[in-house]
Each structure stands twice: as C-alpha cells, then as structure tokens.
Amino acid sequence: THATSIAPALPALSAAKTSQLMGQGAQIIDVRPVPDFAHGHIPGAISIPLRDQFATWLGWLLPDDTPLVFVTAPGQDLAELTWQALKIGYERLAGHVEWTVWQADGGQQQTIDLLTADRIADRPVLDIRQRAEHAGGHIPGAVGIELGQLAARSDEAPSGAVVACGHGERAMTAASLLARAGHDDLAVLDGGPADWARATGRPLEEGA
C-alpha cells in the first residue's frame with residue numbers, strides 16, 4: 001500500500017492563523033501549479049509545485065527545522081504532500097491554507113509575469129538549470145546560476161530578468177526566491193530555451 005495512507009492529516013488554516021504563523025517565522029510554500037502562482041500568491045511565498053520532484057526541491061532549498069505552511073489549490077492531494085515532506089525529515093508541518101481562503105479574507109498578494117517566448121524581447125535572461133543543461137543550449141547571453149546556488153548568489157541576478165529553466169517549474173521557484181530577496185521586477189519564461197528558439201527562429205548558444 002502507498003505510504004500516503006498513513007500520513008497524518010494536514011490541518012486546514014484560516015487566513016488569520018496563516019498570518020500569525022508567518023509572523024512567528026513559518027515559511028510559506030505554495031504548491032499550486034505555476035500559472036496559479038503567477039496570477040497571485042502570498043508575498044514571501046516560495047513556489048514549489050506539488051509533483052514528483054517536490055521533496056527533492058523542498059529538501060534542497062529549505063532547512064528542515066522551519067515550520068511550514070502550504071498554500072494549496074482545491075483538489076490537490078494533501079496526503080501526498082504530507083508524505084513527501086515527512087519522508088525527507090520535515091516534521092514541523094503547521095498546516096495548509098487554500099488560496100481561495102486567503103483571497104476571500106483580503107490577504108495581501110503579489111503576481112509574477114509568466115511570459116511566452118515571443119514576449120521576452122531583449123530582456124536579460126537568467127537560466128537556473130544545472131550547468132550541463134545550460135551548456136547544452138541556452139538563450140544567447142543568458143546568465144547561468146543553478147537554482148541550488150541562487151539563494152547565496154541572488155545579488156548576481158540581472159535586474160528585470162526573465163527567469164528560465166526547461167519548462168517553467170524550477171524557474172518559478174527561482175523567481176519566488178529572488179522576489180523574497182528583494183527583486184521585484186522579474187518574469188518567468190513559460191516554457192524553455194527550445195520554445196524560445198522555435199518562437200524566434202534563432203539558434204541557441206552552446207557552452208558555458
């Protein structure tokens with residue numbers, strides 16, 4: 001049987017309780033799909049969409065002694081979410097707040113532009129894929145900083161950058177980390193370098 005069947009229930013939180021926990025140092029992890037996060041999210045939230053790699057990125061990006069509050073969309077698998085966090089040692093799971101609950105309470109929200117490849121024009125590009133991926137083909141002139149290094153190197157991110165990965169999930173995680181560090185002029189590429197090449201008819205750049 002799948003281990004999620006024994007995962008403890010994740011408490012549902014009110015907007016007021018969520019704000020209280022944030023004030024006490026809890027980290028907000030938004031597990032909704034990338035377009036949902038782009039359209040509106042709690043300021044300071046980190047975007048880590050709930051998918052197969054969720055535990056990997058959670059474990060890489062956040063200390064395991066931080067209380068976590070998850071922002072969810074209706075219908076997301078809370079047992080799967082809980083199990084993925086618990087299996088890598090995150091035990092301080094404060095609960096989850098549905099985005100509609102936060103919205104209905106008039107909670108603060110921010111947005112991040114999600115741009116298709118034909119809309120990024122001449123904006124600087126920050127490629128947060130792993131070095132080998134970047135070397136295999138990237139948008140010409142893109143600055144390469146791996147997602148796992150981004151928290152320590154956020155000051156190297158170009159102002160007004162479009163953040164790119166292979167599809168958009170990691171890029172939104174990166175953009176949310178940068179937004180928390182004070183970058184407020186970012187966008188995320190909806191897709192990846194291959195989509196840019198198709199949209200522009202221009203070749204990708206290879207190498208470092």
# chains A, B, ... in the order shown; residues from 1 in each chain; ligands from 1
>>> select_by_dssp(residues="region 161-193 of chain A", states="strand (DSSP E or B)", output="list in words")
Val162, Val163, Ala164, Ala187, Val188 and Leu189 of chain A
>>> closest_atom_pairs(of="region 103-151 of chain A", to="region 93-98 of chain A", cutoff="12 Å", atoms="only C-alpha atoms", output="tab-separated table")
residue	atom	partner	partner_atom	distance
A:Gln103	CA	A:Glu98	CA	8.8
A:Ala104	CA	A:Glu98	CA	10.1
A:Asp105	CA	A:Glu98	CA	11.2
A:Gly107	CA	A:Val97	CA	11.6
>>> closest_atom_pairs(of="region 50-132 of chain A", to="region 158-171 of chain A", cutoff="7 Å", atoms="only C-alpha atoms", output="CSV")
residue,atom,partner,partner_atom,distance
A:Arg123,CA,A:Ala161,CA,6.2
A:Pro124,CA,A:Ala161,CA,4.8
A:Val125,CA,A:Val162,CA,4.8
A:Leu126,CA,A:Val163,CA,4.7
A:Asp127,CA,A:Ala164,CA,4.9
A:Ile128,CA,A:Cys165,CA,5.8
A:Arg129,CA,A:Cys165,CA,5.3
>>> atom_distance(atom1="CA of Met172 (chain A)", atom2="CA of Pro11 (chain A)")
26.1 Å
>>> select_by_dssp(residues="region 5-122 of chain A", states="alpha helix (DSSP H)", output="NGL selection string")
:A and (15-23 or 34-39 or 54-61 or 78-86 or 99-104)
>>> residues_around(residues="Val34 (chain A)", least_positions_apart="5", cutoff="12 Å", atoms="only C-alpha atoms", output="PyMOL selection string")
chain A and resi 39-41+46-51+72-73+111-115+167-176+188-191
>>> write_last_selection(atoms="C-alpha atoms", output="mmCIF file, in the first residue's frame")
data_model
loop_
_atom_site.group_PDB
_atom_site.id
_atom_site.type_symbol
_atom_site.label_atom_id
_atom_site.label_comp_id
_atom_site.auth_asym_id
_atom_site.auth_seq_id
_atom_site.Cartn_x
_atom_site.Cartn_y
_atom_site.Cartn_z
ATOM 1 C CA HIS A 39 -1.575 35.098 -11.104
ATOM 2 C CA GLY A 40 -1.400 35.674 -7.353
ATOM 3 C CA HIS A 41 0.491 34.485 -4.271
ATOM 4 C CA ILE A 46 8.265 30.042 -2.255
ATOM 5 C CA SER A 47 6.788 28.279 -5.284
ATOM 6 C CA ILE A 48 7.429 24.517 -5.268
ATOM 7 C CA PRO A 49 4.664 22.864 -7.323
ATOM 8 C CA LEU A 50 3.438 19.509 -5.996
ATOM 9 C CA ARG A 51 4.863 16.922 -8.414
ATOM 10 C CA THR A 72 -2.904 24.690 -1.868
ATOM 11 C CA ALA A 73 -5.479 24.620 -4.630
ATOM 12 C CA THR A 111 1.983 38.480 -9.021
ATOM 13 C CA ILE A 112 4.840 37.431 -11.313
ATOM 14 C CA ASP A 113 4.528 37.747 -15.085
ATOM 15 C CA LEU A 114 4.595 34.427 -16.941
ATOM 16 C CA LEU A 115 5.792 35.254 -20.455
ATOM 17 C CA HIS A 167 9.603 24.132 -18.673
ATOM 18 C CA GLY A 168 8.860 26.792 -16.037
ATOM 19 C CA GLU A 169 8.523 24.984 -12.699
ATOM 20 C CA ARG A 170 12.099 25.479 -11.469
ATOM 21 C CA ALA A 171 12.147 28.993 -12.918
ATOM 22 C CA MET A 172 9.124 29.991 -10.838
ATOM 23 C CA THR A 173 10.791 28.541 -7.734
ATOM 24 C CA ALA A 174 13.848 30.654 -8.554
ATOM 25 C CA ALA A 175 11.791 33.777 -9.206
ATOM 26 C CA SER A 176 9.989 33.354 -5.884
ATOM 27 C CA VAL A 188 9.300 33.763 -15.783
ATOM 28 C CA LEU A 189 9.585 32.116 -19.193
ATOM 29 C CA ASP A 190 6.574 29.904 -19.883
ATOM 30 C CA GLY A 191 8.456 27.004 -21.451
#
>>> residues_around(residues="Arg92 (chain A)", least_positions_apart="3", cutoff="10 Å", atoms="only C-alpha atoms", output="list in words")
Ala26, Asp64, Asp65, Thr66, Pro67, Leu68, Val69, Ala85, Leu86, Gly89 and Gly95 of chain A
>>> closest_residue(among="A:Trp196, A:Phe54, A:Phe70, A:Trp60", to="Gly137 (chain A)", atoms="only C-alpha atoms")
A:Trp196
>>> atom_distance(atom1="CA of Pro74 (chain A)", atom2="CA of Trp99 (chain A)")
8.4 Å
>>> atom_distance(atom1="CA of Ser154 (chain A)", atom2="CA of Pro35 (chain A)")
23.2 Å
>>> residues_around(residues="region 204-207 of chain A", least_positions_apart="3", cutoff="7 Å", atoms="only C-alpha atoms", output="VMD selection string")
chain A and resid 135 to 140 197
